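Colleague: Contents are compact mmCIF, C-alpha atoms (C1' of nucleotides); file name my_file-v1.txt:
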# COMPACT_ATOMS: atom_id res chain seq x y z
CA MET T 1 47.37 43.96 21.56
CA ASN T 2 47.32 40.24 20.75
CA ASP T 3 50.68 39.94 22.37
CA GLU T 4 50.27 36.54 23.96
CA LEU T 5 48.83 35.12 20.76
CA GLU T 6 52.23 35.58 19.16
CA GLN T 7 54.00 33.65 21.91
CA ALA T 8 56.03 30.61 20.89
CA ILE T 9 54.77 27.30 22.25
CA ARG T 10 57.76 25.19 23.16
CA THR T 11 56.14 21.86 24.01
CA PRO T 12 55.41 19.36 21.27
CA LEU T 13 51.99 18.06 20.46
CA THR T 14 51.88 14.40 21.58
CA ALA T 15 49.57 11.42 21.89
CA ASN T 16 48.56 12.93 25.21
CA ASP T 17 46.58 15.50 23.28
CA GLY T 18 44.15 12.78 22.28
CA ILE T 19 45.34 12.45 18.69
CA ASP T 20 46.89 9.39 17.08
CA PHE T 21 49.98 11.12 15.76
CA SER T 22 51.99 7.91 15.35
CA LEU T 23 49.68 6.43 12.76
CA ILE T 24 49.03 9.77 11.08
CA GLU T 25 52.73 10.27 10.50
CA LEU T 26 53.43 6.65 9.68
CA PHE T 27 50.75 6.80 7.02
CA PHE T 28 52.24 10.00 5.62
CA PHE T 29 55.78 8.64 5.42
CA ALA T 30 54.67 5.24 4.12
CA TYR T 31 52.68 6.80 1.29
CA ARG T 32 55.44 9.24 0.45
CA ASP T 33 57.90 6.40 -0.12
CA PHE T 34 55.30 4.14 -1.73
CA THR T 35 54.86 6.70 -4.51
CA SER T 36 58.54 7.47 -4.90
CA ASP T 37 59.29 4.21 -6.73
CA PRO T 38 56.99 4.76 -9.71
CA ASP T 39 57.82 8.49 -9.71
CA GLN T 40 61.41 7.68 -10.59
CA ILE T 41 60.40 5.41 -13.45
CA LEU T 42 57.90 7.95 -14.76
CA GLU T 43 60.62 10.57 -15.02
CA THR T 44 62.47 8.49 -17.58
CA TYR T 45 59.31 8.52 -19.71
CA GLY T 46 58.64 12.22 -19.21
CA PHE T 47 55.43 11.28 -17.45
CA GLY T 48 53.99 12.29 -14.07
CA ARG T 49 51.77 10.81 -11.42
CA ALA T 50 48.66 11.74 -13.37
CA HIS T 51 49.78 9.53 -16.24
CA HIS T 52 50.43 6.71 -13.79
CA ARG T 53 46.89 6.76 -12.46
CA VAL T 54 45.37 6.75 -15.92
CA VAL T 55 47.54 3.90 -17.20
CA HIS T 56 46.89 1.97 -14.01
CA PHE T 57 43.11 2.08 -14.12
CA VAL T 58 42.88 1.63 -17.87
CA ASN T 59 44.81 -1.60 -17.40
CA ARG T 60 42.77 -2.70 -14.44
CA MET T 61 39.42 -1.85 -16.03
CA PRO T 62 39.91 -2.11 -19.81
CA GLY T 63 37.03 -0.70 -21.76
CA LEU T 64 35.99 1.79 -19.11
CA THR T 65 34.60 5.02 -20.49
CA VAL T 66 35.98 8.49 -20.02
CA ALA T 67 33.17 9.33 -17.60
CA GLU T 68 33.87 6.21 -15.53
CA LEU T 69 37.55 7.04 -15.36
CA LEU T 70 36.78 10.60 -14.21
CA ASP T 71 34.63 9.10 -11.48
CA VAL T 72 37.45 6.90 -10.21
CA LEU T 73 40.10 9.60 -10.37
CA LYS T 74 37.89 12.40 -9.03
CA ILE T 75 39.37 15.02 -11.33
CA THR T 76 37.86 17.21 -14.05
CA LYS T 77 37.73 16.17 -17.67
CA GLN T 78 40.05 19.03 -18.58
CA SER T 79 42.69 17.68 -16.22
CA LEU T 80 42.27 14.20 -17.60
CA ALA T 81 42.27 15.38 -21.21
CA ARG T 82 45.81 16.69 -20.95
CA VAL T 83 47.43 13.44 -19.87
CA LEU T 84 45.05 11.12 -21.70
CA LYS T 85 45.81 12.86 -25.00
CA GLN T 86 49.52 12.30 -24.49
CA LEU T 87 49.05 8.65 -23.61
CA ILE T 88 46.92 8.12 -26.71
CA ASP T 89 49.25 10.05 -29.02
CA MET T 90 52.23 8.08 -27.75
CA GLY T 91 50.46 4.76 -28.17
CA TYR T 92 49.97 3.64 -24.57
CA VAL T 93 46.18 3.83 -24.65
CA VAL T 94 43.61 3.51 -27.44
CA GLN T 95 40.04 4.69 -27.63
CA ILE T 96 37.31 2.61 -29.20
CA GLN T 97 33.89 3.98 -29.91
CA GLY T 98 31.24 2.34 -27.74
CA LEU T 99 29.09 -0.23 -29.48
CA ARG T 100 25.85 0.32 -27.61
CA ASP T 101 26.38 4.05 -27.11
CA ARG T 102 28.53 5.49 -29.84
CA ARG T 103 29.10 8.71 -27.93
CA GLN T 104 31.21 6.86 -25.42
CA ARG T 105 34.92 6.23 -25.85
CA GLU T 106 36.06 2.98 -24.30
CA LEU T 107 39.66 3.09 -23.12
CA TYR T 108 42.03 0.18 -23.57
CA PRO T 109 45.74 -0.26 -23.02
CA THR T 110 48.04 -1.27 -25.86
CA SER T 111 50.81 -3.74 -25.22
CA LYS T 112 53.06 -0.74 -24.61
CA GLY T 113 50.55 0.55 -22.05
CA ARG T 114 50.31 -2.81 -20.38
CA GLU T 115 54.07 -3.02 -20.04
CA LEU T 116 54.21 0.44 -18.54
CA ALA T 117 51.51 -0.36 -16.00
CA LEU T 118 53.35 -3.51 -14.98
CA ALA T 119 56.68 -1.71 -14.71
CA LEU T 120 55.14 0.95 -12.46
CA ALA T 121 53.29 -1.52 -10.25
CA ALA T 122 56.21 -3.90 -9.81
CA PRO T 123 58.28 -1.88 -7.30
CA GLN T 124 55.18 -0.98 -5.33
CA SER T 125 54.19 -4.61 -5.14
CA ARG T 126 57.72 -5.51 -4.07
CA ARG T 127 57.67 -2.91 -1.32
CA ILE T 128 54.35 -4.25 -0.04
CA ALA T 129 55.59 -7.83 -0.17
CA GLY T 130 58.66 -6.83 1.78
CA ALA T 131 56.55 -5.17 4.45
CA LEU T 132 54.26 -8.19 4.68
CA ASP T 133 57.30 -10.43 5.10
CA ASP T 134 57.93 -8.76 8.43
CA LEU T 135 54.47 -9.82 9.65
CA GLU T 136 52.65 -13.04 10.43
CA ALA T 137 51.25 -14.81 7.40
CA ASP T 138 47.62 -14.07 8.21
CA ASP T 139 48.19 -10.40 9.02
CA ARG T 140 47.59 -9.53 5.40
CA ALA T 141 43.87 -9.69 6.05
CA VAL T 142 44.30 -7.19 8.87
CA ILE T 143 46.05 -4.71 6.60
CA GLU T 144 43.41 -5.14 3.93
CA ALA T 145 40.60 -4.62 6.40
CA PHE T 146 42.25 -1.56 7.88
CA LEU T 147 42.90 0.14 4.57
CA LYS T 148 39.40 -0.63 3.36
CA SER T 149 37.93 0.88 6.52
CA MET T 150 39.96 4.02 5.91
CA VAL T 151 38.11 4.57 2.64
CA ASP T 152 34.90 6.60 2.67
CA PRO T 153 32.06 4.05 2.94
CA HIS T 154 30.16 5.41 -0.03
CA LEU T 155 33.24 4.97 -2.24
CA ARG T 156 33.90 1.35 -1.28
CA PRO T 157 31.71 -0.13 -4.03
CA GLN T 158 34.25 1.28 -6.50
CA ILE T 159 36.97 -0.84 -4.95
CA ASP T 160 34.92 -3.99 -5.14
CA LYS T 161 34.44 -3.49 -8.85
CA LEU T 162 38.15 -3.98 -9.50
CA PRO T 163 39.20 -7.47 -10.56
CA GLY T 164 41.01 -9.81 -8.24
CA SER T 165 40.02 -7.95 -5.09
CA VAL T 166 39.01 -9.67 -1.87
CA SER T 167 35.46 -10.17 -2.99
CA GLY T 168 34.41 -10.58 -6.62
CA GLN T 169 37.55 -12.51 -7.60
CA ASP T 170 37.31 -12.48 -11.35
CA GLY T 171 33.97 -12.59 -13.01
CA ASN T 172 34.15 -13.28 -16.70
CA ALA T 173 36.85 -10.82 -17.56
CA THR T 174 39.89 -12.99 -17.04
CA ARG T 175 39.62 -15.47 -19.85
CA THR T 176 43.23 -15.50 -20.83
CA ASN T 177 42.28 -14.48 -24.37
CA MET W 1 54.17 -0.90 -39.44
CA ASN W 2 53.68 -1.23 -35.73
CA ASP W 3 50.15 -2.27 -36.36
CA GLU W 4 49.80 -4.82 -33.61
CA LEU W 5 51.38 -2.49 -31.09
CA GLU W 6 48.33 -0.28 -31.37
CA GLN W 7 45.96 -3.14 -30.66
CA ALA W 8 43.59 -2.79 -27.71
CA ILE W 9 44.14 -5.28 -24.91
CA ARG W 10 40.76 -6.27 -23.57
CA THR W 11 41.70 -8.35 -20.54
CA PRO W 12 42.33 -6.64 -17.22
CA LEU W 13 45.58 -6.85 -15.35
CA THR W 14 44.95 -9.04 -12.27
CA ALA W 15 46.68 -10.61 -9.31
CA ASN W 16 47.51 -13.44 -11.70
CA ASP W 17 50.12 -11.16 -13.23
CA GLY W 18 52.16 -11.46 -10.06
CA ILE W 19 51.39 -7.99 -8.73
CA ASP W 20 49.56 -7.16 -5.50
CA PHE W 21 46.98 -4.87 -7.07
CA SER W 22 44.55 -5.14 -4.16
CA LEU W 23 46.85 -3.56 -1.66
CA ILE W 24 48.24 -1.06 -4.16
CA GLU W 25 44.76 0.24 -4.87
CA LEU W 26 43.59 0.02 -1.29
CA PHE W 27 46.56 2.10 -0.24
CA PHE W 28 45.79 4.65 -2.95
CA PHE W 29 42.13 5.01 -2.04
CA ALA W 30 42.78 5.01 1.71
CA TYR W 31 45.32 7.81 1.43
CA ARG W 32 43.13 9.81 -0.91
CA ASP W 33 40.31 9.85 1.62
CA PHE W 34 42.68 10.24 4.58
CA THR W 35 43.86 13.56 3.15
CA SER W 36 40.40 14.75 2.11
CA ASP W 37 39.35 15.60 5.68
CA PRO W 38 42.04 18.19 6.40
CA ASP W 39 41.86 19.46 2.83
CA GLN W 40 38.31 20.63 3.43
CA ILE W 41 39.27 22.45 6.61
CA LEU W 42 42.29 24.04 4.94
CA GLU W 43 40.08 25.53 2.25
CA THR W 44 38.23 27.60 4.81
CA TYR W 45 41.58 29.10 5.84
CA GLY W 46 42.77 29.63 2.30
CA PHE W 47 45.58 27.17 2.96
CA GLY W 48 46.73 24.06 1.12
CA ARG W 49 48.35 20.76 1.90
CA ALA W 50 51.76 22.35 2.00
CA HIS W 51 50.67 24.57 4.89
CA HIS W 52 49.28 21.51 6.66
CA ARG W 53 52.60 19.71 6.60
CA VAL W 54 54.49 22.71 7.90
CA VAL W 55 52.05 23.39 10.74
CA HIS W 56 52.01 19.73 11.60
CA PHE W 57 55.74 19.24 11.97
CA VAL W 58 56.33 22.59 13.64
CA ASN W 59 53.85 21.47 16.28
CA ARG W 60 55.32 18.02 16.60
CA MET W 61 58.94 19.24 16.73
CA PRO W 62 58.82 22.78 18.12
CA GLY W 63 62.12 24.57 17.76
CA LEU W 64 63.24 22.68 14.70
CA THR W 65 65.28 24.76 12.28
CA VAL W 66 64.44 25.59 8.69
CA ALA W 67 67.05 23.11 7.48
CA GLU W 68 65.63 20.34 9.64
CA LEU W 69 62.13 21.02 8.37
CA LEU W 70 63.34 20.89 4.77
CA ASP W 71 64.87 17.53 5.54
CA VAL W 72 61.60 16.12 6.85
CA LEU W 73 59.46 17.52 4.07
CA LYS W 74 61.94 16.77 1.27
CA ILE W 75 61.19 19.97 -0.61
CA THR W 76 63.35 22.94 -1.59
CA LYS W 77 63.72 26.03 0.55
CA GLN W 78 62.01 28.10 -2.15
CA SER W 79 58.96 25.88 -1.96
CA LEU W 80 58.96 26.05 1.80
CA ALA W 81 59.50 29.82 1.85
CA ARG W 82 56.22 30.49 0.12
CA VAL W 83 54.01 28.77 2.65
CA LEU W 84 56.16 29.42 5.70
CA LYS W 85 56.08 33.16 5.05
CA GLN W 86 52.30 33.11 4.99
CA LEU W 87 52.08 31.08 8.17
CA ILE W 88 54.43 33.50 9.92
CA ASP W 89 52.73 36.63 8.57
CA MET W 90 49.34 35.32 9.67
CA GLY W 91 50.59 34.43 13.14
CA TYR W 92 50.48 30.63 13.07
CA VAL W 93 54.23 30.15 13.37
CA VAL W 94 57.00 32.26 14.88
CA GLN W 95 60.72 32.23 14.25
CA ILE W 96 63.23 32.63 17.03
CA GLN W 97 66.89 33.19 16.37
CA GLY W 98 68.96 30.23 17.52
CA LEU W 99 70.88 30.75 20.76
CA ARG W 100 73.92 28.66 20.01
CA ASP W 101 73.94 29.42 16.31
CA ARG W 102 72.37 32.76 15.58
CA ARG W 103 72.10 32.02 11.86
CA GLN W 104 69.47 29.42 12.55
CA ARG W 105 65.76 30.20 12.81
CA GLU W 106 63.94 27.94 15.24
CA LEU W 107 60.32 27.43 14.33
CA TYR W 108 57.57 27.36 16.96
CA PRO W 109 53.79 27.30 16.74
CA THR W 110 51.72 30.05 18.34
CA SER W 111 48.51 29.11 20.13
CA LYS W 112 46.74 29.83 16.85
CA GLY W 113 49.10 27.45 15.10
CA ARG W 114 48.59 24.80 17.74
CA GLU W 115 44.84 25.01 17.38
CA LEU W 116 45.09 24.68 13.63
CA ALA W 117 47.32 21.62 13.88
CA LEU W 118 44.88 20.01 16.28
CA ALA W 119 41.89 20.85 14.13
CA LEU W 120 43.57 19.29 11.09
CA ALA W 121 44.71 16.17 12.91
CA ALA W 122 41.40 15.50 14.65
CA PRO W 123 39.41 14.10 11.71
CA GLN W 124 42.38 12.03 10.57
CA SER W 125 42.72 10.58 14.03
CA ARG W 126 39.00 9.87 14.10
CA ARG W 127 39.16 8.08 10.77
CA ILE W 128 42.03 5.94 12.00
CA ALA W 129 40.25 5.15 15.26
CA GLY W 130 37.17 4.13 13.31
CA ALA W 131 39.20 1.80 11.13
CA LEU W 132 40.91 0.28 14.16
CA ASP W 133 37.54 -0.32 15.77
CA ASP W 134 36.78 -2.81 13.03
CA LEU W 135 39.85 -4.84 14.03
CA GLU W 136 41.03 -6.88 17.01
CA ALA W 137 42.46 -4.78 19.82
CA ASP W 138 46.03 -5.94 19.29
CA ASP W 139 45.99 -5.48 15.52
CA ARG W 140 47.14 -1.89 15.97
CA ALA W 141 50.69 -3.17 16.34
CA VAL W 142 50.35 -4.98 13.02
CA ILE W 143 49.31 -1.78 11.25
CA GLU W 144 52.15 0.14 12.82
CA ALA W 145 54.69 -2.48 11.86
CA PHE W 146 53.39 -2.66 8.31
CA LEU W 147 53.43 1.08 7.73
CA LYS W 148 56.87 1.40 9.24
CA SER W 149 58.19 -1.34 6.97
CA MET W 150 56.78 0.54 4.00
CA VAL W 151 59.08 3.47 4.77
CA ASP W 152 62.55 3.54 3.23
CA PRO W 153 64.88 2.03 5.85
CA HIS W 154 67.31 4.95 5.77
CA LEU W 155 64.48 7.37 6.56
CA ARG W 156 63.12 5.46 9.55
CA PRO W 157 65.34 7.23 12.10
CA GLN W 158 63.37 10.39 11.28
CA ILE W 159 60.17 8.73 12.45
CA ASP W 160 61.71 7.61 15.72
CA LYS W 161 62.68 11.19 16.49
CA LEU W 162 59.04 12.23 16.76
CA PRO W 163 57.56 12.33 20.26
CA GLY W 164 55.12 9.72 21.42
CA SER W 165 56.05 7.20 18.77
CA VAL W 166 56.30 3.48 19.37
CA SER W 167 59.82 3.69 20.65
CA GLY W 168 61.12 6.74 22.48
CA GLN W 169 57.76 7.40 24.14
CA ASP W 170 58.30 10.84 25.53
CA GLY W 171 61.69 11.88 26.60
CA ASN W 172 61.67 15.15 28.49
CA ALA W 173 59.49 17.07 26.11
CA THR W 174 56.09 16.29 27.53
CA ARG W 175 56.11 18.12 30.83
CA THR W 176 52.62 19.47 30.61
CA ASN W 177 53.96 22.95 31.18
C1' DA R 1 90.91 37.66 6.56
C1' DA R 2 88.80 34.29 3.83
C1' DT R 3 85.58 30.81 3.41
C1' DT R 4 81.62 28.23 4.51
C1' DT R 5 76.98 27.82 6.27
C1' DA R 6 71.99 29.01 7.27
C1' DT R 7 68.68 31.51 5.59
C1' DG R 8 66.07 34.65 2.53
C1' DT R 9 64.58 36.27 -1.91
C1' DC R 10 63.88 37.15 -6.98
C1' DA R 11 62.59 35.29 -11.35
C1' DG R 12 60.91 31.87 -14.16
C1' DC R 13 59.42 27.10 -15.32
C1' DT R 14 56.55 22.61 -14.74
C1' DT R 15 52.82 19.55 -13.37
C1' DT R 16 48.40 18.93 -12.23
C1' DG R 17 44.58 20.50 -10.39
C1' DT R 18 40.58 24.17 -11.07
C1' DT R 19 36.44 27.13 -13.64
C1' DG R 20 33.88 28.78 -17.47
C1' DA R 21 32.53 28.71 -22.19
C1' DC R 22 31.53 26.62 -26.27
C1' DA R 23 31.34 22.72 -30.10
C1' DT R 24 29.85 18.23 -31.89
C1' DA R 25 27.70 14.01 -32.40
C1' DA R 26 24.69 10.69 -30.67
C1' DA R 27 20.92 9.31 -27.76
C1' DT R 28 16.62 10.29 -25.71
C1' DT R 29 12.23 12.47 -25.19
C1' DG R 30 7.99 14.93 -26.11
C1' DC U 1 10.53 14.56 -36.28
C1' DA U 2 12.14 18.44 -33.48
C1' DA U 3 13.99 19.61 -29.18
C1' DT U 4 16.69 18.40 -25.52
C1' DT U 5 20.02 15.98 -22.98
C1' DT U 6 24.30 13.45 -22.69
C1' DA U 7 29.28 12.09 -23.57
C1' DT U 8 33.11 13.91 -25.04
C1' DG U 9 36.52 17.33 -26.66
C1' DT U 10 38.77 21.75 -26.60
C1' DC U 11 40.16 26.67 -25.69
C1' DA U 12 41.60 29.99 -22.30
C1' DA U 13 42.85 31.45 -17.93
C1' DC U 14 44.09 30.66 -13.27
C1' DA U 15 46.06 28.44 -8.79
C1' DA U 16 48.86 25.42 -5.79
C1' DA U 17 53.02 23.58 -5.02
C1' DG U 18 56.79 21.54 -6.71
C1' DC U 19 61.44 22.77 -9.28
C1' DT U 20 66.21 25.30 -10.85
C1' DG U 21 69.46 29.05 -10.89
C1' DA U 22 71.29 33.23 -9.13
C1' DC U 23 72.41 36.29 -5.74
C1' DA U 24 72.42 38.67 -0.84
C1' DT U 25 73.36 38.78 4.14
C1' DA U 26 74.84 37.64 8.53
C1' DA U 27 77.08 34.53 11.43
C1' DA U 28 80.22 30.78 12.18
C1' DT U 29 84.37 28.45 11.06
C1' DT U 30 88.95 27.97 9.28
Take the structure I supplied and represent it as structure tokens, if you would.
Modeller:
Amino acid sequence: MNDELEQAIRTPLTANDGIDFSLIELFFFAYRDFTSDPDQILETYGFGRAHHRVVHFVNRMPGLTVAELLDVLKITKQSLARVLKQLIDMGYVVQIQGLRDRRQRELYPTSKGRELALALAAPQSRRIAGALDDLEADDRAVIEAFLKSMVDPHLRPQIDKLPGSVSGQDGNATRTN
Amino acid sequence: MNDELEQAIRTPLTANDGIDFSLIELFFFAYRDFTSDPDQILETYGFGRAHHRVVHFVNRMPGLTVAELLDVLKITKQSLARVLKQLIDMGYVVQIQGLRDRRQRELYPTSKGRELALALAAPQSRRIAGALDDLEADDRAVIEAFLKSMVDPHLRPQIDKLPGSVSGQDGNATRTN
DNA sequence: AATTTATGTCAGCTTTGTTGACATAAATTG
DNA sequence: CAATTTATGTCAACAAAGCTGACATAAATT
């Protein structure tokens, strides 16, 4: 029994099947290469992608608490603990007890951590700039709008909280210290 | 010693630092949610992302060999073996000995495998369509161009090989059979 | 006949995610 | 103030999906 269910299908799935395969695959390949740049740098530090994400958001939202970071990364505290501990022990991130709530640990980058975040972001930014160069000047807004629409609506407020985004340019956080 | 190196930096990294953080983060969040749809479906099958990729490309390039698949996925044959074996054992993929070269194993989806590929692609396609709806009709080309430019130039030929892509619309493979 | 190639498989390691359980200190609440 | 809740940390075990190295087999190539 079940004989025909084991039959090989020899025709490819195409756009004719009502699915946008071009953009699905383009998105897959683009992201694969987008992450390959920092991955190479991380190797030289003995770090992985998990470290990258932590260093990135600690630099973009200095003073965020452990709970807030977990919420952005959508991982468990045990997963975070592993990489965060290493980053703290090696002096890339420091914890400061919260002033209002002393149970909280506010996370800040050190200068070492800031340098690492910049080094990891640089090739990604370069790759994006190169891709934008191939477009019209005002197409940047199109890309931004598209990517934002791809994000789950209920998670978009998180994006707007980050400094220097489309809305909410700076707030008070960017006094050059 | 090293005292100031441990100092907390309290100012966030912003666009002023010469890095395109908006698009970096947008790309991260967009891809995270883009993959969350199929991930949920895969769970109900007891499969993971690795299975998704295999089923996807076997459906998009039926008859491709193990070596070709490894080249697209950029993983080792040992990594592939694990998930491919399961997909074959459970009747989602079949292997057929190559005619010209009988060492090769050509990979084809079964009807079960085709259905799975479609089920996984459907929500991703819907998400993309929804995002495109928020744009001008002809902005699709902008997105395609941008994503393609994000891919490493030497890997772009791989994309063009897929059916129904921007160039190379169909070839002979789409006879509806 | 010897070598190379395509594939499969065994064993073990790494990274990064998961769950569950339990500890501590600080804040909140009755 | 005592009891509870909250924020964080930590231990142990497990899973998915990468990796390397070693070795086997059959088929193609030299």
Colleague: Give me, as a ChimeraX atom specification, the contact residues of chain U against chain T at a cut-off of 9 Å, counting all atoms listed in the file.
Modeller: /U:6-10
Colleague: Find the residues of chain T that sit at most 6 Å from chain W; for each, write down the nearest two atoms and how far apart they are in Å, to one decimal. Count all atoms listed in the file. Sort by chain, then by number going up, and give it as a Markdown table.
Modeller:
| residue | atom | partner | partner_atom | distance |
| --- | --- | --- | --- | --- |
| T:Glu6 | CA | W:Thr110 | CA | 5.6 |
| T:Gln7 | CA | W:Thr110 | CA | 5.6 |
| T:Ala8 | CA | W:Thr110 | CA | 5.0 |
| T:Ile9 | CA | W:Pro109 | CA | 5.6 |
| T:Arg10 | CA | W:Pro62 | CA | 5.7 |
| T:Pro12 | CA | W:Arg60 | CA | 4.9 |
| T:Leu13 | CA | W:Arg60 | CA | 5.1 |
| T:Thr14 | CA | W:Gly164 | CA | 5.7 |
| T:Ala15 | CA | W:Gly164 | CA | 5.8 |
| T:Ile19 | CA | W:Ser125 | CA | 5.7 |
| T:Asp20 | CA | W:Ser125 | CA | 5.3 |
| T:Ser22 | CA | W:Ser165 | CA | 5.4 |
| T:Leu26 | CA | W:Leu147 | CA | 5.9 |
| T:Ala30 | CA | W:Val151 | CA | 4.8 |
| T:Asp33 | CA | W:Val151 | CA | 5.8 |
| T:Asn59 | CA | W:Pro12 | CA | 5.6 |
| T:Arg60 | CA | W:Pro12 | CA | 4.8 |
| T:Met61 | CA | W:Pro12 | CA | 5.7 |
| T:Pro62 | CA | W:Arg10 | CA | 5.7 |
| T:Tyr108 | CA | W:Ala8 | CA | 5.3 |
| T:Pro109 | CA | W:Ile9 | CA | 5.6 |
| T:Thr110 | CA | W:Ala8 | CA | 5.1 |
| T:Ser125 | CA | W:Asp20 | CA | 5.3 |
| T:Ala131 | CA | W:Ser149 | CA | 4.9 |
| T:Phe146 | CA | W:Ala131 | CA | 5.6 |
| T:Leu147 | CA | W:Ala30 | CA | 5.6 |
| T:Ser149 | CA | W:Ala131 | CA | 4.9 |
| T:Met150 | CA | W:Ala30 | CA | 5.2 |
| T:Val151 | CA | W:Ala30 | CA | 4.8 |
| T:Gly164 | CA | W:Thr14 | CA | 5.7 |
| T:Ser165 | CA | W:Ser22 | CA | 5.4 |
Colleague: Select residues of chain R: the criterion is any atom within 9 Å of an atom of chain W, counting all atoms listed in the file; output as a PyMOL selection string.
Modeller: chain R and resi 5-9
Colleague: Quick one: pull the distance between CA of Asp71 (chain T) and CA of Pro157 (chain T), Å, one decimal.
Modeller: 12.2 Å
Colleague: Quick check, in Å to one decimal: how far apart do CA of Val54 (chain W) and CA of Leu80 (chain W) lie?
Modeller: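 For CA of Val54 (chain W) relative to CA of Leu80 (chain W), the distance reads 8.3 Å.
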Colleague: Find the distance between C1' of DC10 (chain R) and CA of Arg82 (chain W) and write it in Å to one decimal.
Modeller: 12.4 Å
Colleague: Compare U:DT25, U:DT30, U:DT20, U:DT5 by their minimum atom-to-atom distance to DA26 (chain R), counting only C-alpha atoms (C1' of nucleotides), and give me the closest one.
Modeller: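 Among the listed residues, the smallest separation from DA26 (chain R) belongs to U:DT5.
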Colleague: Leaving out DG12 (chain R) and any residue of its chain fewer than 4 positions from it, which residues lie within 12 Å of it when counting only C-alpha atoms (C1' of nucleotides), given as JSON, numbers by chain?
Modeller: {"U": [19, 20, 21, 22]}
